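Single-structure report; data block below.
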Amino acid sequence: MAKKAASKALADVKKKFYITTAIDYPSGKPHLGHAYEKVCADCIARWHRLLGEEVFFLTGTDEHGSKVSRCAKASGKAPQKYVDEMVVYFRELCAKLNISYDRFIRTTDSDHVKISQEIFKKIYEKGEIYLGEYSGWYCDECETFFTEKDLVDGNCPTHGKKAKWVSEESYFFKMSNYSKRVLDALEKNEKIVLPEGKRKEIINRVKEGLNDLSVSRANVPWGIPVPMNANHTQYVWMDALLNYISGVGYPGKDFEKFWPANIHLIGKDILWHHTAIWYSILMAAEIEIPKTVFVHGFINTESGEKMSKSGGTVIDPVALSEKYPADALRYFLLREIPFGQDGNFSEDSMRIRLNNELANGLGNLLNRTVTMIEKYNAGEVPNAKTNIELRKKLDIDGIKKHMENLELHHALGKIFSFVHACNQFTNEKEPWKLDGKERDEVLYSLADSLRMASILLQPFIPETSEKISSQLGLKLGLLADCSFNKLKAGTKVKKAEVLFRKLE
RNA sequence: AGCGGGGUAGGGCAGCCAGGAGUGCCCGUCGGGCUCAUAACCCGAAGGUCGGAGGUUCAAAUCCUCUCCCCGCUACCA
């Protein structure tokens with residue numbers, strides 16, 4: 001009884017952490033950018049679990065709107081059937097890359113539909129949504145409105161057909177009412193949008209003021225019906241953004257527990273929607289705004305150009321994860337690309353990192369360590385303490401700091417410079433020439449260090465961490481176990497397959 | 001045009017906000033060491049007028065001004 005009460009009390013003080021990715025639009029199969037965002041979010045989520053926090057990690061798909069309905073039509077399918085088929089690819093991607101989400105939300109999920117309508121209604125009843133008229137340049141073929149600037153000589157940019165000036169009935173959200181509050185929020189809190197530069201960028205845009213936003217469509221049947229008028233569907237963003245609250249059980253207990261979100265992880269193309277629009281909606285609905293919107297960069301081709309379908313430079317992450325270990329791809333994405341900046345991708349550079357850092361650096365360190373323990377100490381971790389000089393090479397506080405600041409690439413860099421230090425240490429000490437206490441110290445130091453590394457590497461390369469600790473005869477630990485000399489003497493190590501096989 | 005980001009050895013980056021000898025990292029190249037290990041690991045060397053010009057300063061990659069290139073964003077496709 002007392003124990004139960006105590007663990008309950010403990011659970012109550014547990015820190016909460018809620019992270020989301022943007023939900024993906026299934027108008028095509030996932031590309032590397034989708035994979036990247038998920039891997040980054042997953043890494044952060046796993047880090048917070050490692051810290052012992054209670055984590056909710058949400059990802060999913062944004063399934064409504066004119067584009068999906070056009071794609072469905074093009075493939076001769078009903079929209080629902082089309083998205084049901086497409087979503088499989090996104091789930092598969094998550095499975096392949098070990099994305100540890102707590103919920104995969106689809107905007108066609110019934111609870112989401114219900115909440116979207118409730119929020120729409122709530123804002124409407126407050127008088128912040130009104131019926132008006134939307135006019136713009138419209139292309140019949142695309143079934144899309146364009147802004148004046150989008151048009152090429154008055155023609156649709158994709159079809160080259162003459163665009164028509166069309167007016168239609170639409171509900172509008174009085175976003176203009178929120179210009180000041182949104183701007184205040186952005187200016188007041190330095191961490192509200194990261195990296196810093198993105199915050200400046202959005203502040204400058206919001207300073208120009210917000211216009212009322214058309215939040216319904218009379219000509220897009222594939223969407224959530226506007227609650228007070230079945231002739232309209234909700235504008236996709238008025239639907240999609242709400243996934244962040246519906247996905248975590250708004251307005252129930254879990255929502256109370258986890259909201260406001262700690263991090264919305266998004267790409268730089270949708271910053272406007274996640275600040276100006278999203279904040280305004282939340283303010284209108286009297287819900288707190290998220291703590292941080294983190295904007296990651298884009299992945300470009302080897303030469304730094306944008307990936308494009310027409311150029312044939314789009315990379316299929318599922319194909320990659322079949323060719324390379326998932327951890328190799330995760331490692332590359334997290335290590336190569338400074339988090340928050342754009343980065344380049346090529347299989348060559350990925351292979352180089354896989355071979356040099358994962359196989360030769362980390363994998364070989366484990367292999368030589370386990371081999372020596374088997375060879376010189378009958379497979380048992382000797383009784384010793386980890387070398388003091390070596391211990392200094394692992395900057396745990398620095399790693400924590402980097403993770404806190406979301407400098408994932410730096411955190412990973414520090415872990416790997418420790419791996420290097422371990423290899424260095426081995427060469428300097430030459431344990432194969434030693435015996436007795438001196439050798440014991442080296443062997444213990446290496447095994448203990450690898451145990452530490454396996455803990456710290458979990459968020460980045462979880463399968464590999466598992467393999468390392470298994471070869472060391474251990475279960476994976478939490479960050480609380482991440483201090484030196486916690487490895488028990490006598491632990492039986494067990495050599496297994498090499499961690500990473502090199503690729504040509 | 002406005003706003004943001006970037007221009008640092010052959011390639012890729014960090015360092016810049018809180019100035020202090022070009023300091024560091026990865027790849028590549030060359031030389032050496034070791035033999036526990038995945039032809040692995042370790043050490044060393046070559047290589048840069050820090051885009052350009054001017055300014056502040058005892059001192060500038062770092063701060064200020066100007067200038068030249070590259071890239072992104074500028075809302076209702078998502």
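The way I read the labels, and the way they are meant: chains A, B, ... in the order of the structure tokens, residue 1 as the first residue of every chain, and ligand 1 as the first ligand shown, with later ones counted on from there.
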
Which residues of chain A sit at most 7 Å from chain B, using only C-alpha atoms (C1' of nucleotides)? Give each one's shortest atom pair and distance in Å (one decimal place), in chain and ascending residue order, as CSV.
```
residue,atom,partner,partner_atom,distance
A:Tyr25,CA,B:A78,C1',6.6
A:Lys67,CA,B:C77,C1',6.5
A:Gly197,CA,B:G4,C1',6.6
A:Glu201,CA,B:G4,C1',5.5
A:Asn204,CA,B:C3,C1',6.8
A:Leu213,CA,B:C76,C1',6.6
A:Ser214,CA,B:C76,C1',6.3
A:Trp272,CA,B:A75,C1',7.0
A:Ala359,CA,B:U38,C1',6.8
A:Asn360,CA,B:A40,C1',6.3
A:Asn364,CA,B:U38,C1',5.8
A:Asn367,CA,B:A37,C1',6.0
A:Arg368,CA,B:A37,C1',4.1
A:Thr371,CA,B:C36,C1',7.0
A:Met372,CA,B:C36,C1',5.6
A:Asn423,CA,B:C41,C1',6.5
A:Gln424,CA,B:C42,C1',5.9
A:Asn427,CA,B:C42,C1',5.6
A:Trp432,CA,B:C36,C1',6.0
A:Val498,CA,B:U38,C1',6.8
```

Selected residues, C-alpha atoms, written as a compact mmCIF listing (two decimals), in the first residue's frame, please.
```txt
# COMPACT_ATOMS: atom_id res chain seq x y z
CA TYR A 25 0.63 15.19 -46.26
CA LYS A 67 -4.62 18.01 -53.21
CA GLY A 197 17.10 33.54 -36.69
CA GLU A 201 12.18 36.20 -39.41
CA ASN A 204 9.30 40.72 -38.98
CA LEU A 213 -8.02 33.90 -42.76
CA SER A 214 -10.43 32.01 -44.93
CA TRP A 272 4.00 30.84 -40.60
CA ALA A 359 32.23 0.46 -38.00
CA ASN A 360 35.87 1.43 -37.45
CA ASN A 364 35.84 -1.90 -33.62
CA ASN A 367 35.10 -5.70 -30.72
CA ARG A 368 38.63 -5.23 -29.48
CA THR A 371 37.95 -9.82 -27.48
CA MET A 372 40.56 -8.77 -24.96
CA ASN A 423 40.67 3.93 -28.88
CA GLN A 424 43.47 6.31 -28.11
CA ASN A 427 46.77 2.23 -28.03
CA TRP A 432 48.25 -6.82 -24.62
CA VAL A 498 30.23 -7.08 -35.48
```

Which residues in segment 60-114 of chain A does DSSP call helix (DSSP H, G or I)? List them as a tab-separated table (two decimals) with C-alpha atoms, in the first residue's frame.
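Result went into result_32.tsv, see below:
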```tsv
chain	number	residue	atom	x	y	z
A	66	SER	CA	-7.99	19.42	-52.34
A	67	LYS	CA	-4.62	18.01	-53.21
A	68	VAL	CA	-5.34	14.63	-51.66
A	69	SER	CA	-8.69	14.48	-53.33
A	70	ARG	CA	-7.05	15.23	-56.66
A	71	CYS	CA	-4.42	12.56	-56.09
A	72	ALA	CA	-7.13	10.09	-55.18
A	73	LYS	CA	-9.06	10.96	-58.29
A	74	ALA	CA	-5.96	10.58	-60.43
A	79	PRO	CA	-10.19	9.67	-51.02
A	80	GLN	CA	-10.59	7.55	-47.91
A	81	LYS	CA	-9.31	4.48	-49.69
A	82	TYR	CA	-6.45	6.48	-51.14
A	83	VAL	CA	-5.27	7.81	-47.78
A	84	ASP	CA	-5.75	4.42	-46.15
A	85	GLU	CA	-3.27	3.07	-48.65
A	86	MET	CA	-0.86	5.98	-48.45
A	87	VAL	CA	-0.69	6.03	-44.69
A	88	VAL	CA	0.79	2.55	-44.78
A	89	TYR	CA	3.96	3.99	-46.30
A	90	PHE	CA	4.31	6.53	-43.53
A	91	ARG	CA	3.78	3.92	-40.86
A	92	GLU	CA	6.27	1.68	-42.56
A	93	LEU	CA	8.79	4.49	-42.52
A	94	CYS	CA	8.34	4.89	-38.78
A	95	ALA	CA	8.74	1.18	-38.22
A	96	LYS	CA	11.88	0.99	-40.33
A	110	SER	CA	-12.94	10.21	-35.55
A	111	ASP	CA	-11.74	11.84	-32.33
A	112	HIS	CA	-9.74	14.35	-34.34
A	113	VAL	CA	-12.70	15.17	-36.57
A	114	LYS	CA	-14.87	15.72	-33.55
```

- request: Work out how far atom CA of Thr233 of chain A is from atom CA of Lys162 of chain A, in Å to one decimal.
  value: 26.3 Å

- prompt: Near Met307 of chain A, within 12 Å and counting only C-alpha atoms (C1' of nucleotides), which residues show up once chain neighbours fewer than 2 positions away are dropped, as a PyMOL selection string?
  reply: chain A and resi 31-33+298-305+309-316+343-346

query: atom CA of Lys291 of chain A to atom CA of Leu265 of chain A: how many Å, to one decimal?
result: 11.4 Å

- request: Excluding segment 50-56 of chain B and any residue of its chain fewer than 5 positions from it, enumerate the residues within 7 Å of it, using only C-alpha atoms (C1' of nucleotides), and give them as a PyMOL selection string.
  value: chain B and resi 7-8+61+68

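Coordinates place atom CA of Gly60 of chain A at a distance of 4.8 Å from atom CA of Ile23 of chain A.
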